Amino acid sequence: MSTVRLADIVAALGGDLHGNPDTPVERIAPIDAADERSIAFEAHSRHAGKLRSSRAACVIVAPALEVEARKRGATLVCPDPYLYYARLTQWWKRRHEPVLNAGVHPSAIVDTSARIAASAHVGALAFVGAGAQIGASAVIGAQAHVGVQARVGEHTRLHPHATLGDRCTIGARGILHSGAVIGADGFGFAPVDGRWEKIEQLGAVVIGDDVEIGANTCIDRGALDDTVIEDGVKLDNLIQVAHNVRIGAHTAIAAKVGIAGSTRIGRHCVIGGAAGLVGHIQIADHVQIDAATIITRSISKPGRYSGVFPFDDNASWEKNAATLRQLYALRERLRALEKKS
């Protein structure tokens with residue numbers, strides 16, 4: 001197993017180390033499962049008990065926990081331990097994962113008109129269509145599909161079996177996880193004589209830079225204009241994004257969310273798992289939607305929204321939910337009063 005020194009971590013990521021810089025670590029571990037060869041982090045002072053009992057070779061903490069942490073051993077102090085942990089995982093992965101060689105695997109199918117940067121990697125049995133463009137240091141995984149005239153930005157990675165459809169675009173440093181489908185037809189049909197006539201979907205999907213899209217998530221192409229995912233958006237697994245949706249920059253959406261067509265979601269929003277949004281509505285910037293909430297109308301003000309009967313701003317919804325729990329008792333009291341009268 002490959003080891004690194006605490007000094008190597010500090011040299012790469014900074015922080016104030018208290019302890020032996022030559023201490024070796026072999027893995028990053030949860031604080032309550034770490035051993036003497038692990039580095040762990042603790043972001044909350046309420047978990048000081050875990051900190052005291054941890055066997056980790058080193059713990060990453062905020063200044064508020066420094067004194068407590070140093071009682072048990074090596075300590076790395078930084079302003080935001082959770083952010084430091086995130087960057088540590090990135091550094092660790094770059095250092096330990098195998099390096100893919102540039103070039104096209106002999107079994108890949110690449111149209112002669114496709115343009116692939118010399119530093120890109122195209123894996124076994126992958127497909128790259130006519131006129132497609134693959135940027136510098138991009139990775140097209142085994143059996144991934146890049147459609148006709150599709151574009152993949154530099155340092156972007158398509159994991160095995162990911163699909164980027166015809167004329168669709170993803171920017172730099174993006175990630176498409178396995179099974180993601182970008183550019184399937186939107187759900188568009190015209191009713192006629194008791195049946196459905198297909199509306200061809202003539203738009204595409206445009207994805208910005210630094211976007212990550214989870215496994216088996218589907219983003220449909222636009223009917224006429226494009227479906228747009230702006231920079232920095234993070235989508236979990238098993239999300240459905242319908243045609244002509246626009247998701248604003250740096251919005252994060254958890255698993256199993258369904259977004260109906262032509263909905264506009266603002267920037268810096270957070271949407272909890274299994275929420276649902278009807279079509280043709282607008283969500284303001286900085287909106288938080290709780291898990292399993294059904295959004296049936298536009299939201300014009302930032303804030304937190306919850307509920308299914310119906311949704312409301314969080315404070316009002318909690319009051320109504322508390323009242324709902326008392327409805328049976330209130331009904332019985334009302335019946336008793338009616339009998340007396």
# chains A, B, ... in the order shown; residues from 1 in each chain; ligands from 1
>>> residues_around(residues="range 277-291 of chain A", least_positions_apart="2", cutoff="7 Å", atoms="only C-alpha atoms", output="ChimeraX atom specification")
/A:258-275,293-306
>>> write_last_selection(atoms="N, CA, C and O atoms", output="tab-separated table (two decimals), in the first residue's frame")
chain	number	residue	atom	x	y	z
A	258	GLY	N	-37.19	14.91	-10.14
A	258	GLY	CA	-37.74	15.01	-11.47
A	258	GLY	C	-38.08	16.45	-11.79
A	258	GLY	O	-38.78	17.12	-11.02
A	259	ILE	N	-37.57	16.94	-12.92
A	259	ILE	CA	-37.79	18.34	-13.32
A	259	ILE	C	-38.49	18.33	-14.67
A	259	ILE	O	-37.93	17.87	-15.67
A	260	ALA	N	-39.71	18.84	-14.70
A	260	ALA	CA	-40.49	18.82	-15.93
A	260	ALA	C	-40.04	19.92	-16.90
A	260	ALA	O	-39.29	20.83	-16.53
A	261	GLY	N	-40.52	19.84	-18.12
A	261	GLY	CA	-40.00	20.65	-19.21
A	261	GLY	C	-40.14	22.15	-19.03
A	261	GLY	O	-41.09	22.66	-18.45
A	262	SER	N	-39.15	22.87	-19.54
A	262	SER	CA	-39.12	24.34	-19.62
A	262	SER	C	-39.07	25.02	-18.25
A	262	SER	O	-39.35	26.21	-18.14
A	263	THR	N	-38.73	24.28	-17.21
A	263	THR	CA	-38.54	24.90	-15.89
A	263	THR	C	-37.20	25.60	-15.85
A	263	THR	O	-36.21	25.13	-16.41
A	264	ARG	N	-37.16	26.75	-15.19
A	264	ARG	CA	-35.93	27.53	-15.02
A	264	ARG	C	-35.56	27.53	-13.54
A	264	ARG	O	-36.34	28.01	-12.70
A	265	ILE	N	-34.39	26.99	-13.23
A	265	ILE	CA	-33.91	26.93	-11.85
A	265	ILE	C	-32.74	27.89	-11.72
A	265	ILE	O	-31.83	27.89	-12.55
A	266	GLY	N	-32.75	28.70	-10.68
A	266	GLY	CA	-31.74	29.73	-10.51
A	266	GLY	C	-30.37	29.21	-10.09
A	266	GLY	O	-30.14	28.01	-10.01
A	267	ARG	N	-29.51	30.14	-9.77
A	267	ARG	CA	-28.14	29.83	-9.36
A	267	ARG	C	-28.08	29.57	-7.86
A	267	ARG	O	-28.88	30.09	-7.09
A	268	HIS	N	-27.12	28.73	-7.47
A	268	HIS	CA	-26.84	28.44	-6.06
A	268	HIS	C	-28.07	27.88	-5.33
A	268	HIS	O	-28.28	28.15	-4.15
A	269	CYS	N	-28.87	27.11	-6.03
A	269	CYS	CA	-30.01	26.43	-5.40
A	269	CYS	C	-29.58	25.05	-4.92
A	269	CYS	O	-28.60	24.47	-5.41
A	270	VAL	N	-30.33	24.50	-3.96
A	270	VAL	CA	-30.11	23.14	-3.46
A	270	VAL	C	-31.46	22.44	-3.45
A	270	VAL	O	-32.42	22.94	-2.85
A	271	ILE	N	-31.55	21.28	-4.10
A	271	ILE	CA	-32.81	20.55	-4.19
A	271	ILE	C	-32.61	19.16	-3.61
A	271	ILE	O	-31.74	18.40	-4.06
A	272	GLY	N	-33.40	18.81	-2.59
A	272	GLY	CA	-33.27	17.54	-1.91
A	272	GLY	C	-33.81	16.37	-2.72
A	272	GLY	O	-34.59	16.53	-3.66
A	273	GLY	N	-33.42	15.17	-2.31
A	273	GLY	CA	-33.77	13.96	-3.03
A	273	GLY	C	-35.27	13.74	-3.18
A	273	GLY	O	-36.06	14.05	-2.29
A	274	ALA	N	-35.66	13.23	-4.33
A	274	ALA	CA	-37.04	12.85	-4.64
A	274	ALA	C	-38.00	14.02	-4.70
A	274	ALA	O	-39.22	13.83	-4.68
A	275	ALA	N	-37.49	15.24	-4.78
A	275	ALA	CA	-38.37	16.39	-5.01
A	275	ALA	C	-38.87	16.36	-6.45
A	275	ALA	O	-38.25	15.74	-7.32
A	293	THR	N	-40.32	17.31	-1.63
A	293	THR	CA	-41.23	18.44	-1.80
A	293	THR	C	-41.69	18.51	-3.26
A	293	THR	O	-40.90	18.31	-4.18
A	294	ILE	N	-42.96	18.81	-3.45
A	294	ILE	CA	-43.52	18.96	-4.79
A	294	ILE	C	-43.74	20.44	-5.05
A	294	ILE	O	-44.52	21.10	-4.36
A	295	ILE	N	-43.04	20.96	-6.07
A	295	ILE	CA	-43.13	22.38	-6.40
A	295	ILE	C	-44.09	22.54	-7.57
A	295	ILE	O	-43.82	22.08	-8.68
A	296	THR	N	-45.22	23.22	-7.31
A	296	THR	CA	-46.27	23.33	-8.31
A	296	THR	C	-46.44	24.74	-8.86
A	296	THR	O	-47.30	24.97	-9.71
A	297	ARG	N	-45.65	25.69	-8.35
A	297	ARG	CA	-45.73	27.06	-8.86
A	297	ARG	C	-44.35	27.70	-8.73
A	297	ARG	O	-43.46	27.18	-8.05
A	298	SER	N	-44.17	28.83	-9.37
A	298	SER	CA	-42.88	29.51	-9.35
A	298	SER	C	-42.55	30.00	-7.95
A	298	SER	O	-43.44	30.29	-7.14
A	299	ILE	N	-41.24	30.10	-7.67
A	299	ILE	CA	-40.74	30.64	-6.41
A	299	ILE	C	-39.92	31.87	-6.75
A	299	ILE	O	-38.91	31.78	-7.46
A	300	SER	N	-40.34	33.01	-6.25
A	300	SER	CA	-39.68	34.26	-6.61
A	300	SER	C	-38.73	34.78	-5.55
A	300	SER	O	-37.97	35.72	-5.81
A	301	LYS	N	-38.77	34.19	-4.34
A	301	LYS	CA	-37.92	34.68	-3.25
A	301	LYS	C	-36.97	33.60	-2.78
A	301	LYS	O	-37.37	32.43	-2.65
A	302	PRO	N	-35.71	33.95	-2.48
A	302	PRO	CA	-34.79	32.98	-1.89
A	302	PRO	C	-35.34	32.46	-0.56
A	302	PRO	O	-36.12	33.14	0.11
A	303	GLY	N	-34.94	31.26	-0.18
A	303	GLY	CA	-35.39	30.69	1.09
A	303	GLY	C	-35.53	29.20	1.00
A	303	GLY	O	-35.18	28.58	-0.01
A	304	ARG	N	-36.04	28.62	2.07
A	304	ARG	CA	-36.19	27.17	2.17
A	304	ARG	C	-37.67	26.82	2.06
A	304	ARG	O	-38.51	27.41	2.74
A	305	TYR	N	-37.98	25.81	1.22
A	305	TYR	CA	-39.36	25.44	0.95
A	305	TYR	C	-39.54	23.93	1.17
A	305	TYR	O	-38.67	23.13	0.81
A	306	SER	N	-40.70	23.56	1.75
A	306	SER	CA	-40.92	22.17	2.15
A	306	SER	C	-42.36	21.78	1.93
A	306	SER	O	-43.26	22.63	1.93
>>> residues_around(residues="Arg151 in chain A", least_positions_apart="3", cutoff="9 Å", atoms="only C-alpha atoms", output="VMD selection string")
chain A and resid 131 to 135 146 to 148 164 167 to 171
>>> select_by_dssp(residues="range 50-86 of chain A", states="helix (DSSP H, G or I)", output="PDB file with all heavy atoms, in the first residue's frame")
ATOM      1  N   LYS A  50     -15.519  11.970  19.885  1.00  0.00           N
ATOM      2  CA  LYS A  50     -14.900  11.130  18.860  1.00  0.00           C
ATOM      3  C   LYS A  50     -13.445  11.510  18.665  1.00  0.00           C
ATOM      4  O   LYS A  50     -12.585  10.655  18.445  1.00  0.00           O
ATOM      5  CB  LYS A  50     -15.652  11.280  17.534  1.00  0.00           C
ATOM      6  CG  LYS A  50     -17.028  10.665  17.504  1.00  0.00           C
ATOM      7  CD  LYS A  50     -17.629  10.815  16.114  1.00  0.00           C
ATOM      8  CE  LYS A  50     -19.012  10.178  16.034  1.00  0.00           C
ATOM      9  NZ  LYS A  50     -19.579  10.312  14.665  1.00  0.00           N
ATOM     10  N   LEU A  51     -13.170  12.788  18.745  1.00  0.00           N
ATOM     11  CA  LEU A  51     -11.807  13.269  18.567  1.00  0.00           C
ATOM     12  C   LEU A  51     -10.894  12.703  19.640  1.00  0.00           C
ATOM     13  O   LEU A  51      -9.786  12.214  19.359  1.00  0.00           O
ATOM     14  CB  LEU A  51     -11.808  14.798  18.607  1.00  0.00           C
ATOM     15  CG  LEU A  51     -10.482  15.518  18.392  1.00  0.00           C
ATOM     16  CD1 LEU A  51      -9.965  15.252  16.991  1.00  0.00           C
ATOM     17  CD2 LEU A  51     -10.671  17.013  18.617  1.00  0.00           C
ATOM     18  N   ARG A  52     -11.338  12.751  20.888  1.00  0.00           N
ATOM     19  CA  ARG A  52     -10.504  12.276  21.996  1.00  0.00           C
ATOM     20  C   ARG A  52     -10.213  10.789  21.900  1.00  0.00           C
ATOM     21  O   ARG A  52      -9.135  10.336  22.280  1.00  0.00           O
ATOM     22  CB  ARG A  52     -11.187  12.591  23.325  1.00  0.00           C
ATOM     23  CG  ARG A  52     -11.171  14.063  23.708  1.00  0.00           C
ATOM     24  CD  ARG A  52     -11.646  14.268  25.129  1.00  0.00           C
ATOM     25  NE  ARG A  52     -13.073  14.002  25.280  1.00  0.00           N
ATOM     26  CZ  ARG A  52     -14.019  14.913  25.123  1.00  0.00           C
ATOM     27  NH1 ARG A  52     -13.681  16.164  24.804  1.00  0.00           N
ATOM     28  NH2 ARG A  52     -15.282  14.596  25.284  1.00  0.00           N
ATOM     29  N   SER A  53     -11.159  10.014  21.381  1.00  0.00           N
ATOM     30  CA  SER A  53     -10.984   8.562  21.351  1.00  0.00           C
ATOM     31  C   SER A  53     -10.384   8.044  20.052  1.00  0.00           C
ATOM     32  O   SER A  53     -10.097   6.847  19.932  1.00  0.00           O
ATOM     33  CB  SER A  53     -12.335   7.881  21.587  1.00  0.00           C
ATOM     34  OG  SER A  53     -13.259   8.223  20.553  1.00  0.00           O
ATOM     35  N   PRO A  63      -9.472  25.769  14.151  1.00  0.00           N
ATOM     36  CA  PRO A  63      -8.785  26.343  15.320  1.00  0.00           C
ATOM     37  C   PRO A  63      -9.517  26.118  16.631  1.00  0.00           C
ATOM     38  O   PRO A  63      -8.887  25.963  17.680  1.00  0.00           O
ATOM     39  CB  PRO A  63      -8.695  27.824  14.959  1.00  0.00           C
ATOM     40  CG  PRO A  63      -8.646  27.851  13.470  1.00  0.00           C
ATOM     41  CD  PRO A  63      -9.545  26.739  13.036  1.00  0.00           C
ATOM     42  N   ALA A  64     -10.853  26.080  16.615  1.00  0.00           N
ATOM     43  CA  ALA A  64     -11.619  25.903  17.847  1.00  0.00           C
ATOM     44  C   ALA A  64     -11.350  24.568  18.520  1.00  0.00           C
ATOM     45  O   ALA A  64     -11.549  24.427  19.730  1.00  0.00           O
ATOM     46  CB  ALA A  64     -13.114  26.049  17.552  1.00  0.00           C
ATOM     47  N   LEU A  65     -10.908  23.564  17.759  1.00  0.00           N
ATOM     48  CA  LEU A  65     -10.643  22.237  18.317  1.00  0.00           C
ATOM     49  C   LEU A  65      -9.151  21.944  18.460  1.00  0.00           C
ATOM     50  O   LEU A  65      -8.774  20.823  18.827  1.00  0.00           O
ATOM     51  CB  LEU A  65     -11.291  21.161  17.433  1.00  0.00           C
ATOM     52  CG  LEU A  65     -12.803  20.990  17.569  1.00  0.00           C
ATOM     53  CD1 LEU A  65     -13.311  19.995  16.537  1.00  0.00           C
ATOM     54  CD2 LEU A  65     -13.178  20.527  18.968  1.00  0.00           C
ATOM     55  N   GLU A  66      -8.314  22.927  18.196  1.00  0.00           N
ATOM     56  CA  GLU A  66      -6.874  22.676  18.189  1.00  0.00           C
ATOM     57  C   GLU A  66      -6.373  22.165  19.537  1.00  0.00           C
ATOM     58  O   GLU A  66      -5.647  21.163  19.604  1.00  0.00           O
ATOM     59  CB  GLU A  66      -6.113  23.937  17.805  1.00  0.00           C
ATOM     60  CG  GLU A  66      -4.600  23.746  17.848  1.00  0.00           C
ATOM     61  CD  GLU A  66      -3.825  25.011  17.505  1.00  0.00           C
ATOM     62  OE1 GLU A  66      -4.448  25.979  17.005  1.00  0.00           O
ATOM     63  OE2 GLU A  66      -2.610  25.026  17.734  1.00  0.00           O
ATOM     64  N   VAL A  67      -6.724  22.823  20.610  1.00  0.00           N
ATOM     65  CA  VAL A  67      -6.217  22.427  21.928  1.00  0.00           C
ATOM     66  C   VAL A  67      -6.624  20.998  22.253  1.00  0.00           C
ATOM     67  O   VAL A  67      -5.802  20.182  22.699  1.00  0.00           O
ATOM     68  CB  VAL A  67      -6.731  23.400  23.006  1.00  0.00           C
ATOM     69  CG1 VAL A  67      -6.344  22.899  24.400  1.00  0.00           C
ATOM     70  CG2 VAL A  67      -6.171  24.801  22.775  1.00  0.00           C
ATOM     71  N   GLU A  68      -7.902  20.677  22.032  1.00  0.00           N
ATOM     72  CA  GLU A  68      -8.391  19.329  22.303  1.00  0.00           C
ATOM     73  C   GLU A  68      -7.695  18.300  21.429  1.00  0.00           C
ATOM     74  O   GLU A  68      -7.319  17.210  21.883  1.00  0.00           O
ATOM     75  CB  GLU A  68      -9.902  19.283  22.067  1.00  0.00           C
ATOM     76  CG  GLU A  68     -10.582  18.026  22.552  1.00  0.00           C
ATOM     77  CD  GLU A  68     -10.619  17.925  24.061  1.00  0.00           C
ATOM     78  OE1 GLU A  68     -10.673  18.974  24.733  1.00  0.00           O
ATOM     79  OE2 GLU A  68     -10.579  16.781  24.562  1.00  0.00           O
ATOM     80  N   ALA A  69      -7.497  18.636  20.155  1.00  0.00           N
ATOM     81  CA  ALA A  69      -6.894  17.687  19.228  1.00  0.00           C
ATOM     82  C   ALA A  69      -5.433  17.421  19.556  1.00  0.00           C
ATOM     83  O   ALA A  69      -4.955  16.284  19.447  1.00  0.00           O
ATOM     84  CB  ALA A  69      -7.030  18.202  17.802  1.00  0.00           C
ATOM     85  N   ARG A  70      -4.714  18.446  19.938  1.00  0.00           N
ATOM     86  CA  ARG A  70      -3.279  18.265  20.206  1.00  0.00           C
ATOM     87  C   ARG A  70      -3.029  17.421  21.442  1.00  0.00           C
ATOM     88  O   ARG A  70      -1.925  16.869  21.612  1.00  0.00           O
ATOM     89  CB  ARG A  70      -2.610  19.633  20.319  1.00  0.00           C
ATOM     90  CG  ARG A  70      -2.551  20.370  18.979  1.00  0.00           C
ATOM     91  CD  ARG A  70      -1.911  21.731  19.080  1.00  0.00           C
ATOM     92  NE  ARG A  70      -0.508  21.660  19.433  1.00  0.00           N
ATOM     93  CZ  ARG A  70       0.299  22.713  19.512  1.00  0.00           C
ATOM     94  NH1 ARG A  70      -0.182  23.925  19.256  1.00  0.00           N
ATOM     95  NH2 ARG A  70       1.562  22.565  19.845  1.00  0.00           N
ATOM     96  N   PRO A  81     -12.122  22.456   7.921  1.00  0.00           N
ATOM     97  CA  PRO A  81     -11.692  21.055   7.800  1.00  0.00           C
ATOM     98  C   PRO A  81     -12.436  20.271   6.720  1.00  0.00           C
ATOM     99  O   PRO A  81     -11.848  19.396   6.076  1.00  0.00           O
ATOM    100  CB  PRO A  81     -11.975  20.478   9.191  1.00  0.00           C
ATOM    101  CG  PRO A  81     -11.959  21.651  10.098  1.00  0.00           C
ATOM    102  CD  PRO A  81     -12.519  22.790   9.298  1.00  0.00           C
ATOM    103  N   TYR A  82     -13.719  20.559   6.518  1.00  0.00           N
ATOM    104  CA  TYR A  82     -14.469  19.808   5.512  1.00  0.00           C
ATOM    105  C   TYR A  82     -13.976  20.127   4.109  1.00  0.00           C
ATOM    106  O   TYR A  82     -13.816  19.224   3.268  1.00  0.00           O
ATOM    107  CB  TYR A  82     -15.962  20.113   5.634  1.00  0.00           C
ATOM    108  CG  TYR A  82     -16.843  19.128   4.911  1.00  0.00           C
ATOM    109  CD1 TYR A  82     -16.886  17.786   5.281  1.00  0.00           C
ATOM    110  CD2 TYR A  82     -17.644  19.531   3.851  1.00  0.00           C
ATOM    111  CE1 TYR A  82     -17.691  16.882   4.624  1.00  0.00           C
ATOM    112  CE2 TYR A  82     -18.465  18.635   3.182  1.00  0.00           C
ATOM    113  CZ  TYR A  82     -18.485  17.309   3.579  1.00  0.00           C
ATOM    114  OH  TYR A  82     -19.286  16.404   2.915  1.00  0.00           O
ATOM    115  N   LEU A  83     -13.686  21.400   3.847  1.00  0.00           N
ATOM    116  CA  LEU A  83     -13.127  21.787   2.555  1.00  0.00           C
ATOM    117  C   LEU A  83     -11.735  21.198   2.385  1.00  0.00           C
ATOM    118  O   LEU A  83     -11.380  20.718   1.292  1.00  0.00           O
ATOM    119  CB  LEU A  83     -13.080  23.311   2.441  1.00  0.00           C
ATOM    120  CG  LEU A  83     -12.471  23.885   1.156  1.00  0.00           C
ATOM    121  CD1 LEU A  83     -13.257  23.430  -0.068  1.00  0.00           C
ATOM    122  CD2 LEU A  83     -12.424  25.409   1.230  1.00  0.00           C
ATOM    123  N   TYR A  84     -10.939  21.213   3.446  1.00  0.00           N
ATOM    124  CA  TYR A  84      -9.597  20.621   3.383  1.00  0.00           C
ATOM    125  C   TYR A  84      -9.699  19.128   3.059  1.00  0.00           C
ATOM    126  O   TYR A  84      -8.948  18.608   2.227  1.00  0.00           O
ATOM    127  CB  TYR A  84      -8.882  20.828   4.716  1.00  0.00           C
ATOM    128  CG  TYR A  84      -7.380  20.619   4.657  1.00  0.00           C
ATOM    129  CD1 TYR A  84      -6.515  21.710   4.606  1.00  0.00           C
ATOM    130  CD2 TYR A  84      -6.814  19.342   4.654  1.00  0.00           C
ATOM    131  CE1 TYR A  84      -5.137  21.535   4.563  1.00  0.00           C
ATOM    132  CE2 TYR A  84      -5.453  19.158   4.597  1.00  0.00           C
ATOM    133  CZ  TYR A  84      -4.608  20.258   4.555  1.00  0.00           C
ATOM    134  OH  TYR A  84      -3.241  20.071   4.497  1.00  0.00           O
ATOM    135  N   TYR A  85     -10.640  18.451   3.710  1.00  0.00           N
ATOM    136  CA  TYR A  85     -10.870  17.028   3.434  1.00  0.00           C
ATOM    137  C   TYR A  85     -11.228  16.805   1.964  1.00  0.00           C
ATOM    138  O   TYR A  85     -10.714  15.879   1.320  1.00  0.00           O
ATOM    139  CB  TYR A  85     -11.974  16.524   4.362  1.00  0.00           C
ATOM    140  CG  TYR A  85     -12.730  15.326   3.885  1.00  0.00           C
ATOM    141  CD1 TYR A  85     -12.134  14.070   3.820  1.00  0.00           C
ATOM    142  CD2 TYR A  85     -14.068  15.435   3.503  1.00  0.00           C
ATOM    143  CE1 TYR A  85     -12.850  12.959   3.383  1.00  0.00           C
ATOM    144  CE2 TYR A  85     -14.787  14.339   3.073  1.00  0.00           C
ATOM    145  CZ  TYR A  85     -14.176  13.106   3.010  1.00  0.00           C
ATOM    146  OH  TYR A  85     -14.876  12.007   2.572  1.00  0.00           O
ATOM    147  N   ALA A  86     -12.099  17.660   1.404  1.00  0.00           N
ATOM    148  CA  ALA A  86     -12.472  17.521  -0.007  1.00  0.00           C
ATOM    149  C   ALA A  86     -11.244  17.638  -0.901  1.00  0.00           C
ATOM    150  O   ALA A  86     -11.036  16.824  -1.825  1.00  0.00           O
ATOM    151  CB  ALA A  86     -13.510  18.579  -0.384  1.00  0.00           C
TER     152      ALA A  86
END
>>> closest_residue(among="A:Pro79, A:Gly232, A:Gly129, A:Gly203", to="Gly183 in chain A", atoms="only C-alpha atoms")
A:Gly203
>>> residues_around(residues="Ala255 in chain A", least_positions_apart="4", cutoff="6 Å", atoms="only C-alpha atoms", output="PyMOL selection string")
chain A and resi 236-239+273
>>> write_last_selection(atoms="N, CA, C and O atoms", output="mmCIF file, in the first residue's frame")
data_model
loop_
_atom_site.group_PDB
_atom_site.id
_atom_site.type_symbol
_atom_site.label_atom_id
_atom_site.label_comp_id
_atom_site.auth_asym_id
_atom_site.auth_seq_id
_atom_site.Cartn_x
_atom_site.Cartn_y
_atom_site.Cartn_z
ATOM 1 N N ASP A 236 -26.831 14.527 -8.839
ATOM 2 C CA ASP A 236 -26.676 13.195 -8.255
ATOM 3 C C ASP A 236 -27.141 12.131 -9.255
ATOM 4 O O ASP A 236 -27.504 12.431 -10.399
ATOM 5 N N ASN A 237 -27.187 10.882 -8.802
ATOM 6 C CA ASN A 237 -27.661 9.774 -9.619
ATOM 7 C C ASN A 237 -29.177 9.843 -9.819
ATOM 8 O O ASN A 237 -29.916 10.411 -9.011
ATOM 9 N N LEU A 238 -29.653 9.238 -10.897
ATOM 10 C CA LEU A 238 -31.077 8.968 -11.118
ATOM 11 C C LEU A 238 -31.947 10.223 -11.101
ATOM 12 O O LEU A 238 -33.037 10.241 -10.543
ATOM 13 N N ILE A 239 -31.466 11.271 -11.742
ATOM 14 C CA ILE A 239 -32.236 12.498 -11.883
ATOM 15 C C ILE A 239 -32.771 12.595 -13.305
ATOM 16 O O ILE A 239 -32.092 12.213 -14.262
ATOM 17 N N GLY A 273 -33.423 15.170 -2.308
ATOM 18 C CA GLY A 273 -33.770 13.961 -3.029
ATOM 19 C C GLY A 273 -35.267 13.744 -3.179
ATOM 20 O O GLY A 273 -36.060 14.051 -2.290
#
>>> closest_residue(among="A:His177, A:Arg5, A:Lys339, A:Arg221", to="Gln201 in chain A", atoms="only C-alpha atoms")
A:Arg221
>>> closest_residue(among="A:Ala43, A:Val211, A:Val59, A:Val228", to="Asp80 in chain A", atoms="only C-alpha atoms")
A:Ala43
